2 protein chains.
Amino acid sequence: MSAVVWWLVTVVMVTVHSASAGVVELNWEVEYKLRWPDCKEGIVIAINGEFPGPTIDATAGDTVIIHVTNKLSTEGVVIHWHGIRQNGTPWADGAAGVTQCPINPGETFTYNFMVDKAGTHFYHGHYGMQRSAGLYGMMIVRSPKETLQYDGEFNLLLSDWWHQGSHAQELYLSSRPMRWIGEPQSLLINGRGQFNCSLAAYFNKGGVKECKFKDNDECAPTILRVEPLKVYRLRIASTTALASLNLAVEVRTPTRTLEVVEADGNYVAPFTVNDIDMYSGETYSVLLRTHNPTPSRKYWISVGVRGRKPNTTQALTVLHYADAPEYEHLPYPPPVTPRWDDYDRSKSFSMKIFAAKGYPPPPEKSDEQLFLLNTQNLMDKYTKWAINNVSLSVPATPYIGTIRYGLKTLNYQKPPGKEIVEDYDITKPPVNPNTTKGNGIYSFQLGRVVDVILQNSNVLNGRGSEIHPWHLHGHDFWVLGYGEGKFRLGVDEKTYNLNNPPLRNTVALYPYGWTALRFVTDNPGVWFFHCHIEPHLHMGMGVVFAEGVDQIAKMNIPNAVLGCGSTREFLMNRGRH
Amino acid sequence: MSAVVWWLVTVVMVTVHSASAGVVELNWEVEYKLRWPDCKEGIVIAINGEFPGPTIDATAGDTVIIHVTNKLSTEGVVIHWHGIRQNGTPWADGAAGVTQCPINPGETFTYNFMVDKAGTHFYHGHYGMQRSAGLYGMMIVRSPKETLQYDGEFNLLLSDWWHQGSHAQELYLSSRPMRWIGEPQSLLINGRGQFNCSLAAYFNKGGVKECKFKDNDECAPTILRVEPLKVYRLRIASTTALASLNLAVEVRTPTRTLEVVEADGNYVAPFTVNDIDMYSGETYSVLLRTHNPTPSRKYWISVGVRGRKPNTTQALTVLHYADAPEYEHLPYPPPVTPRWDDYDRSKSFSMKIFAAKGYPPPPEKSDEQLFLLNTQNLMDKYTKWAINNVSLSVPATPYIGTIRYGLKTLNYQKPPGKEIVEDYDITKPPVNPNTTKGNGIYSFQLGRVVDVILQNSNVLNGRGSEIHPWHLHGHDFWVLGYGEGKFRLGVDEKTYNLNNPPLRNTVALYPYGWTALRFVTDNPGVWFFHCHIEPHLHMGMGVVFAEGVDQIAKMNIPNAVLGCGSTREFLMNRGRH
């Protein structure tokens, strides 16, 4: 038998409970720690010494109060509560430069917001590339009246990991010429991966080597220990910096094993699969129905890269039926996730997702149509990503404060018309002569129905188009449709699903295609909308929506979020005599 | 002939001038850059793309105005003007947490101060371990009536360099158990060194290998191009993170070549040597008198490690006489700097330094005597350095602001009496049962004559005592004397040099010994006094002096330095209705 004895490591199974407490209050210290995320030592940002950070467990209607103390030496920090809409508390959204100033080293800032709706969420750093450094964790908001039936649940937080530190990565991406950071060294499940080795190496003796670690090592996998004939809710979130993923469960029975029931905190019409695609920023709940294997045994769960030519070993963990032998090898090799460039399969998965019954349809018509052309560009020999020819450079003063105090005339982006898409040949290498850096914002009045059409295009070398998972803060949106090539105005709108489109906060834009989404401007605040790939955002791939500027100007925004840049200067000086 | 063709690289010789401009105004952008400091790629903090940063060239009486824009991604930054006393502008001293808040990313802060006195100085980061990351440069303040006679000058800024980045170093030092960062990989002269190779490798074919680089590579050495029979002023500063150094010039004539004339911005009684010791934080001017070699040739300058068992190749550069052949090997091997543990030689050098004629002697008597016992300690299994049993933890709110606005009762350290030294066995491993972290300060009234006795002791493993170069901000002090073992109260004072002690801002504390210094509290402000070894300071080896607390409370301190912590909170909220 192999010396690899990792079977004992388990995750504590969280049982379903209905918390009655109205307040979840936590004290967090954020600091760098030495850890072994993939059996190789690396530096992570930990919370209270934990990597990934502690799981937040709240119930819809709860107030969440988190006192974040920054124990980094010289760096600011913020935390974004990904999927929480922050109705009435836009300053608690945790996006540096947009909704708040970074928390300075040695200081404590209190996030205080209500979680109004049940769902599977996560949180992560939103300053520089601190998410790549490991600042993330799960955030579960339970329903006091859960309609899903299940016997137990597991959280699976997926991420990717580089051996090069995030500071160096930032510098490489910002260098002239840009130096690409390459594919991740490892994929992590709950912060645990195995670099350059495989738990299943015994199936291919000549290939990747066997992993060496002990049961309680930091890189030993999270084992999912299950009973036969039960239903488990897997809450899965992807906080990858770069990788699009597929999670596949080994199947040895004729039935499909995973029933997708929730996406980004919204119930979806259930459908069954054996694997799911996960783009960075997305969350899913799937119900896993165990059968009754005789004799009891173990099954693989694989996580592999999609959408980019992978150079990273599949992450593996194990579904371990009770009474299965602890130290016995699995009988079959792990499932191989789909080919990275099988985009039809990816789209097919996306198009299986519809809102669950009972969700009202979106408004029938939109008031505004915003085209967002996604391009990769060279600017002054720096490589950038631009939206409508503008590469976002987040300012030192958070937009929410600049607007609140009318400190200067903000540069409001004039939304370009359909020409931006119509005049652009997305199949050719990018030609954007007017491309520039900017920090302008798109402004919307309250109560508007806005359609956003994300349009993809060719990359700099002219030989491809990348997947971009776009994430909107402060909102869920309806995904109205996906299409190939350029969006055809007046034509493609007719293909929109206005019947039962899913509500999401993150959606994929596929290569050379378009994605259309709709939302209602019902949440006064300033909301980031950006590609959730961390290097892409670092290189300018985002826009900012100001919603209800007049309302923001009257908001009682805590000074604590405005202690930088011109808001700090203004507020510190107004008390002078 | 060797393929090593580095001889052409020169430093532009700065000729002596008497600037008449009263203002030196500069715009600086601070950002990370990829560089090759020792022929191996590394990440440095550059200023306007330069590493080391630009040399400031001012004249005594000038006002220096430097607009520092922080272009780091997530880190704050400050710059300390090492050797400038900041009379009347204590908030411009650039010590994070003491005299100002860090400058946030994306923001610009203006340092504005007068350079009241001629001297050779430098500047450097004073937040976290940003000095280790390469944030430093020379600062020359010229005398409008220079009494020294010389024909030309060169600046030599000495530093040490690690391949491990400064963020990782900070984490290692703060880890439990502490992980030591080890000796530097390279020594740099003006930011240029050669890792794991030697310019003089042809003298020992079997040993270290020959360096491979081109004339214009970033790691090609600064060549000192000289004419025969001239006098050159070498302005030398050490901004090492760790290493104590010796700089030696190859001598092939019976005369000594270096005349020491200035130390830390003060003229000293001239004395001649062939090599000088340099502790981190010190500066010297030496006059180098060239002879007339026939035929014309080149001579070595060596820089080697002192005070710690070295594991770093000597840094080398060349004194290149005009008409010497560009690409010819030097005829003799470079001088070998003195044995690292020849402390008698080190002390002997220190004791050669006296004030130049014309400097008034120090006050005859002191009003206060402050003992500072230096110990290495284990606290809760963290390794720390402590002074009088307190390991300094710099607060988030700068002391100067806390005092100015009386925001809370500061923890004023009660200066321990002589017992702290008398009761302590410095020859044994440390026994400091009451050792703790703290952020208290020592407070002095204005106009007091203060003696500080630095007392060294044994380190944790009980097998040694380290050199600590102590640097005082805001002041020059007189070095009254050095001694072996424990300071004997009432006895050792009698050995003080009260006649012509040198004025310094940095002084070495030797292993198992004591160093006594005297200064006058004539500069209202809050002044850092700390070991200039960056890892030691990071581990708590410093104290803070508040001078003239009543005066500070009336100062018109710019809000811009107080935009963090409780001062920010106070100043932002006082304007509320």
# chains A, B, ... in the order shown; residues from 1 in each chain; ligands from 1
call {"tool": "interface_residues", "arguments": {"of": "chain B", "to": "chain A", "cutoff": "6 Å", "atoms": "only C-alpha atoms", "output": "list in words"}}
result
Ser73, Thr74, Glu75, Gly76, Gly106, Gly128, Ala396, Leu571, Met572, Arg574 and Gly575 of chain B
call {"tool": "write_last_selection", "arguments": {"atoms": "N, CA and C atoms", "output": "PDB file, in the first residue's frame"}}
result
ATOM      1  N   SER B  73       1.250  49.899  -5.460  1.00  0.00           N
ATOM      2  CA  SER B  73      -0.121  49.438  -5.690  1.00  0.00           C
ATOM      3  C   SER B  73      -0.988  49.490  -4.431  1.00  0.00           C
ATOM      4  N   THR B  74      -0.474  48.974  -3.352  1.00  0.00           N
ATOM      5  CA  THR B  74      -1.298  48.854  -2.140  1.00  0.00           C
ATOM      6  C   THR B  74      -0.582  49.337  -0.885  1.00  0.00           C
ATOM      7  N   GLU B  75       0.661  49.790  -1.037  1.00  0.00           N
ATOM      8  CA  GLU B  75       1.480  50.115   0.131  1.00  0.00           C
ATOM      9  C   GLU B  75       1.626  51.605   0.348  1.00  0.00           C
ATOM     10  N   GLY B  76       1.610  51.998   1.592  1.00  0.00           N
ATOM     11  CA  GLY B  76       1.971  53.355   1.939  1.00  0.00           C
ATOM     12  C   GLY B  76       3.471  53.548   1.796  1.00  0.00           C
ATOM     13  N   GLY B 106      -1.397  56.384  -4.728  1.00  0.00           N
ATOM     14  CA  GLY B 106      -2.114  57.322  -5.583  1.00  0.00           C
ATOM     15  C   GLY B 106      -2.072  58.750  -5.089  1.00  0.00           C
ATOM     16  N   GLY B 128       7.875  49.981   7.336  1.00  0.00           N
ATOM     17  CA  GLY B 128       8.134  48.559   7.119  1.00  0.00           C
ATOM     18  C   GLY B 128       9.616  48.371   6.822  1.00  0.00           C
ATOM     19  N   ALA B 396      -0.345  53.097  14.950  1.00  0.00           N
ATOM     20  CA  ALA B 396      -0.959  53.502  13.682  1.00  0.00           C
ATOM     21  C   ALA B 396      -1.093  55.021  13.589  1.00  0.00           C
ATOM     22  N   LEU B 571      -9.849  64.779  13.383  1.00  0.00           N
ATOM     23  CA  LEU B 571      -9.884  65.961  12.521  1.00  0.00           C
ATOM     24  C   LEU B 571     -11.025  65.896  11.513  1.00  0.00           C
ATOM     25  N   MET B 572     -11.382  64.686  11.075  1.00  0.00           N
ATOM     26  CA  MET B 572     -12.501  64.578  10.139  1.00  0.00           C
ATOM     27  C   MET B 572     -13.828  64.825  10.833  1.00  0.00           C
ATOM     28  N   ARG B 574     -14.358  66.671  13.655  1.00  0.00           N
ATOM     29  CA  ARG B 574     -14.587  67.916  14.404  1.00  0.00           C
ATOM     30  C   ARG B 574     -15.376  68.923  13.576  1.00  0.00           C
ATOM     31  N   GLY B 575     -15.419  68.711  12.241  1.00  0.00           N
ATOM     32  CA  GLY B 575     -16.181  69.630  11.403  1.00  0.00           C
ATOM     33  C   GLY B 575     -17.650  69.273  11.311  1.00  0.00           C
TER      34      GLY B 575
END
call {"tool": "residues_around", "arguments": {"residues": "B:Arg235", "least_positions_apart": "5", "cutoff": "7 Å", "atoms": "only C-alpha atoms", "output": "list in words"}}
result
Thr120, Phe154, Asn155, Leu156, Tyr284, Ser285 and Val286 of chain B
call {"tool": "write_last_selection", "arguments": {"atoms": "C-alpha atoms", "output": "short mmCIF file (atom, residue, chain, number, x, y, z; two decimals), in the first residue's frame"}}
result
data_model
loop_
_atom_site.label_atom_id
_atom_site.label_comp_id
_atom_site.auth_asym_id
_atom_site.auth_seq_id
_atom_site.Cartn_x
_atom_site.Cartn_y
_atom_site.Cartn_z
CA THR B 120 26.90 64.40 3.16
CA PHE B 154 32.26 61.07 -6.22
CA ASN B 155 29.27 59.76 -4.32
CA LEU B 156 29.39 56.19 -3.11
CA TYR B 284 31.84 60.06 5.64
CA SER B 285 33.72 62.37 3.37
CA VAL B 286 37.25 61.30 2.64
#
call {"tool": "select_by_dssp", "arguments": {"residues": "stretch 55-214 of chain B", "states": "alpha helix (DSSP H)", "output": "list in words"}}
result
Ser166, His167, Ala168, Gln169, Glu170, Leu171, Tyr172, Leu173 and Ser174 of chain B
call {"tool": "write_last_selection", "arguments": {"atoms": "all heavy atoms", "output": "short mmCIF file (atom, residue, chain, number, x, y, z; two decimals), in the first residue's frame"}}
result
data_model
loop_
_atom_site.label_atom_id
_atom_site.label_comp_id
_atom_site.auth_asym_id
_atom_site.auth_seq_id
_atom_site.Cartn_x
_atom_site.Cartn_y
_atom_site.Cartn_z
N SER B 166 11.56 42.04 0.25
CA SER B 166 11.45 42.63 1.59
C SER B 166 10.15 42.23 2.29
O SER B 166 10.11 42.14 3.52
CB SER B 166 11.56 44.16 1.51
OG SER B 166 10.51 44.69 0.73
N HIS B 167 9.08 41.98 1.53
CA HIS B 167 7.84 41.55 2.18
C HIS B 167 8.03 40.18 2.84
O HIS B 167 7.59 39.95 3.97
CB HIS B 167 6.70 41.46 1.17
CG HIS B 167 6.33 42.75 0.56
ND1 HIS B 167 6.64 43.06 -0.73
CD2 HIS B 167 5.71 43.84 1.07
CE1 HIS B 167 6.20 44.29 -1.01
NE2 HIS B 167 5.64 44.78 0.08
N ALA B 168 8.69 39.29 2.12
CA ALA B 168 8.95 37.96 2.69
C ALA B 168 9.87 38.09 3.89
O ALA B 168 9.68 37.44 4.92
CB ALA B 168 9.54 37.04 1.63
N GLN B 169 10.86 38.96 3.77
CA GLN B 169 11.78 39.16 4.90
C GLN B 169 11.03 39.63 6.14
O GLN B 169 11.26 39.13 7.25
CB GLN B 169 12.85 40.19 4.55
CG GLN B 169 13.88 39.71 3.54
CD GLN B 169 14.96 40.75 3.29
OE1 GLN B 169 15.46 41.36 4.23
NE2 GLN B 169 15.31 40.97 2.05
N GLU B 170 10.13 40.60 5.96
CA GLU B 170 9.34 41.08 7.10
C GLU B 170 8.59 39.93 7.75
O GLU B 170 8.54 39.80 8.97
CB GLU B 170 8.31 42.12 6.64
CG GLU B 170 8.88 43.46 6.27
CD GLU B 170 7.79 44.44 5.82
OE1 GLU B 170 6.62 44.03 5.72
OE2 GLU B 170 8.13 45.60 5.56
N LEU B 171 7.98 39.11 6.89
CA LEU B 171 7.19 38.00 7.42
C LEU B 171 8.06 36.99 8.15
O LEU B 171 7.71 36.52 9.23
CB LEU B 171 6.44 37.34 6.26
CG LEU B 171 5.60 36.11 6.61
CD1 LEU B 171 4.57 36.44 7.67
CD2 LEU B 171 4.93 35.56 5.37
N TYR B 172 9.21 36.67 7.56
CA TYR B 172 10.11 35.71 8.21
C TYR B 172 10.49 36.21 9.61
O TYR B 172 10.48 35.45 10.57
CB TYR B 172 11.39 35.53 7.38
CG TYR B 172 11.20 34.77 6.09
CD1 TYR B 172 12.25 34.60 5.20
CD2 TYR B 172 9.97 34.21 5.74
CE1 TYR B 172 12.09 33.91 4.01
CE2 TYR B 172 9.80 33.52 4.55
CZ TYR B 172 10.87 33.37 3.70
OH TYR B 172 10.71 32.69 2.52
N LEU B 173 10.84 37.49 9.68
CA LEU B 173 11.30 38.03 10.96
C LEU B 173 10.17 38.08 11.98
O LEU B 173 10.42 38.00 13.19
CB LEU B 173 11.88 39.43 10.75
CG LEU B 173 13.14 39.50 9.87
CD1 LEU B 173 13.45 40.93 9.49
CD2 LEU B 173 14.33 38.85 10.57
N SER B 174 8.95 38.21 11.50
CA SER B 174 7.80 38.30 12.40
C SER B 174 7.18 36.95 12.67
O SER B 174 6.15 36.87 13.33
CB SER B 174 6.72 39.19 11.78
OG SER B 174 7.25 40.44 11.40
#
call {"tool": "residues_around", "arguments": {"residues": "B:Leu26", "least_positions_apart": "6", "cutoff": "8 Å", "atoms": "only C-alpha atoms", "output": "JSON, numbers by chain"}}
result
{"B": [65, 66, 67]}
call {"tool": "write_last_selection", "arguments": {"atoms": "all heavy atoms", "output": "mmCIF file, in the first residue's frame"}}
result
data_model
loop_
_atom_site.group_PDB
_atom_site.id
_atom_site.type_symbol
_atom_site.label_atom_id
_atom_site.label_comp_id
_atom_site.auth_asym_id
_atom_site.auth_seq_id
_atom_site.Cartn_x
_atom_site.Cartn_y
_atom_site.Cartn_z
ATOM 1 N N ILE B 65 11.982 71.145 -1.433
ATOM 2 C CA ILE B 65 10.556 70.823 -1.565
ATOM 3 C C ILE B 65 10.461 69.599 -2.464
ATOM 4 O O ILE B 65 10.860 69.651 -3.635
ATOM 5 C CB ILE B 65 9.776 71.992 -2.188
ATOM 6 C CG1 ILE B 65 9.913 73.241 -1.311
ATOM 7 C CG2 ILE B 65 8.313 71.627 -2.397
ATOM 8 C CD1 ILE B 65 9.319 74.504 -1.927
ATOM 9 N N ILE B 66 9.966 68.514 -1.907
ATOM 10 C CA ILE B 66 9.882 67.291 -2.711
ATOM 11 C C ILE B 66 8.456 66.776 -2.686
ATOM 12 O O ILE B 66 7.908 66.458 -1.622
ATOM 13 C CB ILE B 66 10.876 66.229 -2.212
ATOM 14 C CG1 ILE B 66 12.287 66.837 -2.224
ATOM 15 C CG2 ILE B 66 10.816 64.979 -3.093
ATOM 16 C CD1 ILE B 66 13.398 65.875 -1.956
ATOM 17 N N HIS B 67 7.858 66.742 -3.873
ATOM 18 C CA HIS B 67 6.498 66.237 -4.012
ATOM 19 C C HIS B 67 6.593 64.734 -4.293
ATOM 20 O O HIS B 67 7.020 64.344 -5.377
ATOM 21 C CB HIS B 67 5.774 66.932 -5.157
ATOM 22 C CG HIS B 67 5.863 68.437 -5.089
ATOM 23 N ND1 HIS B 67 5.093 69.173 -4.215
ATOM 24 C CD2 HIS B 67 6.631 69.322 -5.763
ATOM 25 C CE1 HIS B 67 5.383 70.465 -4.375
ATOM 26 N NE2 HIS B 67 6.311 70.581 -5.301
#
call {"tool": "select_by_dssp", "arguments": {"residues": "stretch 211-310 of chain B", "states": "strand (DSSP E or B)", "output": "PyMOL selection string"}}
result
chain B and resi 223-226+231-238+244-249+258-263+266-273+275-278+283-289+298-306
call {"tool": "residues_around", "arguments": {"residues": "B:Thr521", "least_positions_apart": "2", "cutoff": "9 Å", "atoms": "only C-alpha atoms", "output": "list in words"}}
result
Phe444, Gln445, Leu446, Gly447, Arg448, Val449, Val450, His475, Phe519, Asn523, Pro524, Glu547 and Gly548 of chain B
call {"tool": "residues_around", "arguments": {"residues": "B:Asn500", "least_positions_apart": "3", "cutoff": "7 Å", "atoms": "only C-alpha atoms", "output": "CSV table (one decimal) with C-alpha atoms, in the first residue's frame"}}
result
chain,number,residue,atom,x,y,z
B,354,PHE,CA,37.3,63.9,16.8
B,355,ALA,CA,35.5,67.1,16.0
B,361,PRO,CA,32.8,71.5,23.1
B,497,ASN,CA,35.8,63.0,26.0
call {"tool": "residues_around", "arguments": {"residues": "stretch 462-466 of chain A", "least_positions_apart": "3", "cutoff": "10 Å", "atoms": "only C-alpha atoms", "output": "list of chain:residue names"}}
result
A:Gly307, A:Arg308, A:Asn374, A:Thr375, A:Gln376, A:Ile426, A:Thr427, A:Lys428, A:Pro429, A:Pro430, A:Asn456, A:Ser457, A:Asn458, A:Val459, A:Pro469, A:Leu509, A:Tyr510, A:Pro511, A:Tyr512, A:Gly513
call {"tool": "closest_residue", "arguments": {"among": "A:Val68, A:Pro502, A:Gln86, A:Pro360", "to": "A:Val261", "atoms": "only C-alpha atoms"}}
result
A:Pro502
call {"tool": "residues_around", "arguments": {"residues": "B:Thr515", "least_positions_apart": "3", "cutoff": "6 Å", "atoms": "only C-alpha atoms", "output": "VMD selection string"}}
result
chain B and resid 453 to 454 481 to 482 509
call {"tool": "atom_distance", "arguments": {"atom1": "atom CA of B:Thr257", "atom2": "atom CA of B:Leu287"}}
result
8.0 Å
call {"tool": "closest_residue", "arguments": {"among": "B:Ile189, B:Cys197, B:Leu330, B:Leu373", "to": "B:Pro221", "atoms": "only C-alpha atoms"}}
result
B:Ile189
call {"tool": "atom_distance", "arguments": {"atom1": "atom CA of B:Trp180", "atom2": "atom CA of B:Pro535"}}
result
9.3 Å
call {"tool": "atom_distance", "arguments": {"atom1": "atom CA of A:Gln149", "atom2": "atom CA of A:Asn292"}}
result
19.1 Å
call {"tool": "closest_residue", "arguments": {"among": "B:Ala118, B:Ala60, B:Glu183, B:Val30", "to": "B:Ile79", "atoms": "only C-alpha atoms"}}
result
B:Val30
